Amino acid sequence: MRYSVVAGVAIEKTVYRFDKPFDYSVPAELVELCKPGCRVTVPFGRGNTKRQGVILYLSDGAQITDNSEIKNIISVIDKKPLLNEEMLGIVKWLKSHTFCTYYDAIKTLLPFGLSVKMVSTVKLENNVEPMALANLSKLGNDIVAFLRKKGGSAEKSVVINAFKLTNEDAFAELLKLNIISLDRTAKQNMRDPTVSMASLSMPLSDLPKLTPKQRAVAEFLDEVNTAGVKEIAYYTGVTQAVITALEKKGVINVFQIPALEAKEQSIPQTTTEIVLTDEQQNAYNSLLDDYNSENAKTSLLYGVTGSGKTSIFLKLVDYAIANGKSAIVMVPEISLTPQTLSKFKARYGERVAVFHSAMSLGQRMEEWKKANSDRAVVAIGTRSAVFAPLKNVGLIIMDEEQEHTYKSEQSPRFHAREVASVRCKYHKALLLLASATPSVESYCHASEGRFGLVTLNNRYGNAVLPSVLTVDMREELAVGNTGIISRTLAKELSNTIQNKKQAIILLNRRGHNTYISCPACGYVFNCENCSISLTYHSANKKLMCHYCGASHPQPTECPHCKNKKLRFSGIGTQKADEEISAMFPDARILRLDADTTMTRDAFEKGLKAFSDGEYDIMLGTQMVAKGLDFPNVTLVGVLSADQSMYSDDFRSLERTFSLLTQVIGRSGRGSEPGLAIVQTHEPENDILELACNQDYNGFYSTEIMSRRLMIYPPYCDIVMLGVSAVGSETTRLAALKLFELIKKALKEQNNEIKMIILGPISANSPRVNSKYRQRLILKTKNTQKFREFLDKILLEFYSVYDKNITVFVDINPESII
């Protein structure tokens, strides 16, 4: 019997059914280095493969028998813990509440630049006998010379590539003679990402024989000189294999350039006193009372668009910093970060850390380090900012709290609002939710007193809410207008441009046409990998799948009946851009959607150009609808306003109301009155009317009644169980088995857990990326007892089915279709 410090370690690449803290003994020489939150290397499994792990806890003075099979920690990677007590608590919360693995949770909290990977290395042994070298083959001697040049060791993959090895015979020879040893070591990749670029290496006239796709790439590069590999693939519709083949033939040169770093803006720090209106001051005073409460509190700041919520945010952050606290400010879209960041950096200078996915690996690491030290007291960003490692947090603000982007769609499937609540409870801080269109759940909680409720009914200063006109597109069609733009909107666009004002046009669908079909036989061009029609993009003349990214050249005939007259149906932002350009040839139009903002900083540069008056019209998808503040915008146009209302999802009306209310609110935020024009085929629709009137209370009263009757959140929690596999029948049977396991377990515990089960049924898009999808919808209460119940179900399911079937759990998903 001996006494030892035992560490509970979360191990990387552990599947859900085996995931738990694994016990490891801490050797005496590592006791001072091993701390909770540090990464370590450990032997794992029967083969004692070296794996990476993170210490979750330490048990001091544990008794270990002499014949115990407990293994020792091999090494400690970090000099000091990466995760403190609070963050380790969040890891455990994510594990239990989102059904992810410990290591998935840990990776979510840390920037990718800090991650390490275990790599196989070849190490040259010291004091190699000359006789051993004399007996080596030529290849063996060449490898020894190569290792000596590399300082005595190199990654195994590097050696294999250098000598084009097809098997491990060369290593076997060296190992047998004790000339080398093989090991696995932790390697940290801290390099910033690079961008792959390509250019032609010869004139078109000198090209060798090429395939049609290869020639298309060559002609494209001849026209543009140099382009990114991703851009080449997009505009020519080829795969990476085509570009690689051209490089091997010497037709093109592929080279790497550093990804452009976002320039650090030198904004002078200001401490100008923020002047609030009486209404804002009352709201601020109320929130200050909540902030100064002895316990954690959640409050909802509900204010109409343009009511000056940001000024209240700044005042609260001022107060928090003055009292030695830090603050986190979240926005739902990367597109909102530049405007928000400029306001906060102008006030707090370099004490602001920024978090969002468009940053380079190096930037993310630097900002994380800034937040983890005393250099930052404010963290600003998208969903990931909720994990900013600030100390002594006093305030977390979620602007536009209703937005779906606060919910992660990948494991761990967390909602930033829930994680923020956990952090606020730990720090006894204030969680402030803010929106002109709060989520139904948040407003319900505020109305019932579970959250605080503070209201702003008026716009800031002299600004007033815009006037709204509804245009019936059926009447436009009746008078022969078959275009996208109504006569009313065309007239107001003309006036806006003449008056040197600006307009925002919303069409929440990218591409040119949403699908292509054959009018003769009815054939629709669908993706071969997914159950969805391909979208036509005029910029590259390709049909593209918005799910898996597959692309095809523009078809010239129907593959079934060979009819050459194809029908291009539906509209997207590319088609709208063409039509508006034809109507106003002198207008400067900025299109912002996923296609035009593929490169980093593209959105920020576009917004700045629009703000500087370089464009007359900004046309885009929902990214132009929320949170943006341009005083010179006096007109907003909404195309196809009713397209999102008829989804099967129970949140469809809420999303439609929120989107319309938000985009209408972009107009008239300066000294000039604003106008919004909403084009629809159903002007009498109640939701459209409520949005046009900016009547949130009216919408809420209608929606909450429907939720109560149909038993939807906030009157239950929705738990979606997704099942996916390659075969359709395999997926269906697996989902049915999951359903039977739940039914059986409910009976065994005498229906103590109340639940309504819907399904199993196919997802709205039954096949994505060549995998079929089934889903089960559970209406229940997300209690600890329920989560323990579901965990047992999943473990039992995985004991029956193999790893080729995937099951995921999404609690309160943003969509259930």
# chains A, B, ... in the order shown; residues from 1 in each chain; ligands from 1
$ residues_around --residues "segment 697-706 of chain A" --least-positions-apart "6" --cutoff "12 Å" --atoms "only C-alpha atoms" --output "compact mmCIF listing (two decimals) with C-alpha atoms, in the first residue's frame"
# COMPACT_ATOMS: atom_id res chain seq x y z
CA TYR A 302 -36.54 46.04 -24.04
CA GLY A 303 -36.23 49.15 -26.20
CA VAL A 304 -37.51 50.12 -29.63
CA ALA A 436 -36.12 45.56 -29.63
CA THR A 437 -37.61 42.12 -30.30
CA PRO A 438 -36.80 39.90 -27.29
CA SER A 439 -37.23 36.15 -27.55
CA VAL A 440 -40.65 34.97 -26.45
CA GLU A 441 -39.05 32.97 -23.64
CA SER A 442 -37.09 35.93 -22.24
CA TYR A 443 -40.03 38.33 -22.38
CA CYS A 444 -42.24 35.73 -20.69
CA HIS A 445 -39.71 35.32 -17.87
CA SER A 447 -43.29 39.51 -17.51
CA THR A 455 -38.38 49.44 -21.11
CA ASN A 457 -40.41 53.31 -25.64
CA PHE A 650 -42.63 26.72 -34.40
CA ARG A 651 -40.31 29.74 -34.28
CA SER A 652 -40.94 30.80 -37.90
CA LEU A 653 -43.40 33.60 -37.04
CA GLU A 654 -41.12 34.90 -34.29
CA ARG A 655 -38.14 34.98 -36.66
CA THR A 656 -40.16 36.75 -39.36
CA PHE A 657 -41.47 39.37 -36.95
CA SER A 658 -38.00 39.98 -35.50
CA THR A 661 -38.96 44.82 -37.15
CA ASP A 686 -51.31 39.71 -38.96
CA ILE A 687 -47.60 39.15 -38.32
CA LEU A 688 -46.61 41.48 -41.15
CA GLU A 689 -49.00 44.13 -39.89
CA LEU A 690 -47.63 43.88 -36.34
CA ALA A 691 -44.04 44.12 -37.61
CA TYR A 712 -43.93 24.91 -26.80
CA PRO A 713 -41.23 26.93 -24.96
CA PRO A 714 -41.46 28.62 -22.50
CA TYR A 715 -44.06 26.05 -21.36
$ residues_around --residues "Glu409 of chain A" --least-positions-apart "5" --cutoff "10 Å" --atoms "only C-alpha atoms" --output "number ranges by chain"
A: 404, 414-415, 810, 813-814
$ select_by_dssp --residues "segment 698-732 of chain A" --states "strand (DSSP E or B)" --output "MDAnalysis selection string"
chainID A and resid 717:725
$ write_last_selection --atoms "C-alpha atoms" --output "PDB file, in the first residue's frame"
ATOM      1  CA  ASP A 717     -38.183  22.395 -23.087  1.00  0.00           C
ATOM      2  CA  ILE A 718     -37.679  20.960 -26.562  1.00  0.00           C
ATOM      3  CA  VAL A 719     -35.097  18.188 -26.843  1.00  0.00           C
ATOM      4  CA  MET A 720     -34.180  17.077 -30.348  1.00  0.00           C
ATOM      5  CA  LEU A 721     -32.460  13.731 -30.800  1.00  0.00           C
ATOM      6  CA  GLY A 722     -30.845  13.491 -34.213  1.00  0.00           C
ATOM      7  CA  VAL A 723     -29.833  10.170 -35.771  1.00  0.00           C
ATOM      8  CA  SER A 724     -27.708  10.005 -38.921  1.00  0.00           C
ATOM      9  CA  ALA A 725     -26.076   7.250 -40.955  1.00  0.00           C
TER      10      ALA A 725
END
$ atom_distance --atom1 "atom CA of Ala296 of chain A" --atom2 "atom CA of Lys425 of chain A"
5.2 Å
$ closest_atom_pairs --of "segment 8-115 of chain A" --to "segment 385-391 of chain A" --cutoff "9 Å" --atoms "only C-alpha atoms" --output "CSV"
residue,atom,partner,partner_atom,distance
A:Leu83,CA,A:Pro389,CA,8.5
A:Asn84,CA,A:Pro389,CA,8.7
A:Met87,CA,A:Pro389,CA,7.9
A:Ile90,CA,A:Phe387,CA,9.0
A:Thr108,CA,A:Phe387,CA,8.3
A:Leu109,CA,A:Phe387,CA,5.8
A:Leu110,CA,A:Phe387,CA,8.3
$ write_last_selection --atoms "C-alpha atoms" --output "compact mmCIF listing (two decimals), in the first residue's frame"
# COMPACT_ATOMS: atom_id res chain seq x y z
CA LEU A 83 -8.35 26.71 -17.04
CA ASN A 84 -9.13 28.13 -13.62
CA MET A 87 -13.69 27.46 -16.32
CA ILE A 90 -18.10 25.38 -17.06
CA THR A 108 -14.54 25.14 -26.91
CA LEU A 109 -13.09 27.23 -24.09
CA LEU A 110 -9.57 27.56 -25.51
$ residues_around --residues "segment 154-161 of chain A" --least-positions-apart "4" --cutoff "10 Å" --atoms "only C-alpha atoms" --output "VMD selection string"
chain A and resid 119 to 124 143 146 to 150 165 to 168 170 to 171 182 to 185 187
$ residues_around --residues "Ala245 of chain A" --least-positions-apart "4" --cutoff "12 Å" --atoms "only C-alpha atoms" --output "number ranges by chain"
A: 210-211, 213-215, 217-218, 238-241, 249-254
$ write_last_selection --atoms "N, CA and C atoms" --output "PDB file, in the first residue's frame"
ATOM      1  N   LEU A 210      -4.810  19.990 -72.025  1.00  0.00           N
ATOM      2  CA  LEU A 210      -5.492  20.043 -70.735  1.00  0.00           C
ATOM      3  C   LEU A 210      -6.918  19.543 -70.861  1.00  0.00           C
ATOM      4  N   THR A 211      -7.461  19.096 -69.744  1.00  0.00           N
ATOM      5  CA  THR A 211      -8.884  18.753 -69.720  1.00  0.00           C
ATOM      6  C   THR A 211      -9.694  20.051 -69.747  1.00  0.00           C
ATOM      7  N   LYS A 213     -11.836  21.242 -67.654  1.00  0.00           N
ATOM      8  CA  LYS A 213     -11.819  21.911 -66.348  1.00  0.00           C
ATOM      9  C   LYS A 213     -10.469  22.578 -66.083  1.00  0.00           C
ATOM     10  N   GLN A 214      -9.381  21.887 -66.468  1.00  0.00           N
ATOM     11  CA  GLN A 214      -8.057  22.471 -66.269  1.00  0.00           C
ATOM     12  C   GLN A 214      -7.887  23.727 -67.124  1.00  0.00           C
ATOM     13  N   ARG A 215      -8.414  23.672 -68.351  1.00  0.00           N
ATOM     14  CA  ARG A 215      -8.296  24.842 -69.231  1.00  0.00           C
ATOM     15  C   ARG A 215      -9.125  26.013 -68.698  1.00  0.00           C
ATOM     16  N   VAL A 217      -9.579  26.780 -65.620  1.00  0.00           N
ATOM     17  CA  VAL A 217      -8.781  27.416 -64.569  1.00  0.00           C
ATOM     18  C   VAL A 217      -7.693  28.277 -65.184  1.00  0.00           C
ATOM     19  N   ALA A 218      -7.015  27.745 -66.225  1.00  0.00           N
ATOM     20  CA  ALA A 218      -5.937  28.494 -66.879  1.00  0.00           C
ATOM     21  C   ALA A 218      -6.464  29.794 -67.491  1.00  0.00           C
ATOM     22  N   VAL A 238     -14.328  24.022 -60.024  1.00  0.00           N
ATOM     23  CA  VAL A 238     -13.486  22.826 -59.992  1.00  0.00           C
ATOM     24  C   VAL A 238     -13.173  22.455 -58.545  1.00  0.00           C
ATOM     25  N   THR A 239     -12.616  21.265 -58.372  1.00  0.00           N
ATOM     26  CA  THR A 239     -12.203  20.809 -57.049  1.00  0.00           C
ATOM     27  C   THR A 239     -10.710  21.071 -56.857  1.00  0.00           C
ATOM     28  N   GLN A 240     -10.231  20.823 -55.650  1.00  0.00           N
ATOM     29  CA  GLN A 240      -8.815  20.995 -55.334  1.00  0.00           C
ATOM     30  C   GLN A 240      -7.946  20.088 -56.199  1.00  0.00           C
ATOM     31  N   ALA A 241      -8.489  18.911 -56.562  1.00  0.00           N
ATOM     32  CA  ALA A 241      -7.712  17.952 -57.355  1.00  0.00           C
ATOM     33  C   ALA A 241      -7.295  18.538 -58.706  1.00  0.00           C
ATOM     34  N   LYS A 249       1.660  19.640 -63.371  1.00  0.00           N
ATOM     35  CA  LYS A 249       2.021  19.790 -64.785  1.00  0.00           C
ATOM     36  C   LYS A 249       2.868  21.033 -65.039  1.00  0.00           C
ATOM     37  N   GLY A 250       3.027  21.868 -64.014  1.00  0.00           N
ATOM     38  CA  GLY A 250       3.814  23.086 -64.178  1.00  0.00           C
ATOM     39  C   GLY A 250       3.061  24.213 -64.840  1.00  0.00           C
ATOM     40  N   VAL A 251       1.751  24.072 -64.993  1.00  0.00           N
ATOM     41  CA  VAL A 251       0.951  25.100 -65.656  1.00  0.00           C
ATOM     42  C   VAL A 251       0.726  26.299 -64.732  1.00  0.00           C
ATOM     43  N   ILE A 252       0.574  26.036 -63.451  1.00  0.00           N
ATOM     44  CA  ILE A 252       0.356  27.118 -62.495  1.00  0.00           C
ATOM     45  C   ILE A 252       1.360  27.028 -61.352  1.00  0.00           C
ATOM     46  N   ASN A 253       1.584  28.149 -60.732  1.00  0.00           N
ATOM     47  CA  ASN A 253       2.388  28.202 -59.507  1.00  0.00           C
ATOM     48  C   ASN A 253       1.453  28.402 -58.329  1.00  0.00           C
ATOM     49  N   VAL A 254       1.536  27.530 -57.321  1.00  0.00           N
ATOM     50  CA  VAL A 254       0.747  27.689 -56.101  1.00  0.00           C
ATOM     51  C   VAL A 254       1.700  28.097 -54.985  1.00  0.00           C
TER      52      VAL A 254
END
$ select_by_dssp --residues "segment 357-544 of chain A" --states "alpha helix (DSSP H)" --output "VMD selection string"
chain A and resid 361 to 372 416 to 427 440 to 447 473 to 478 487 to 498
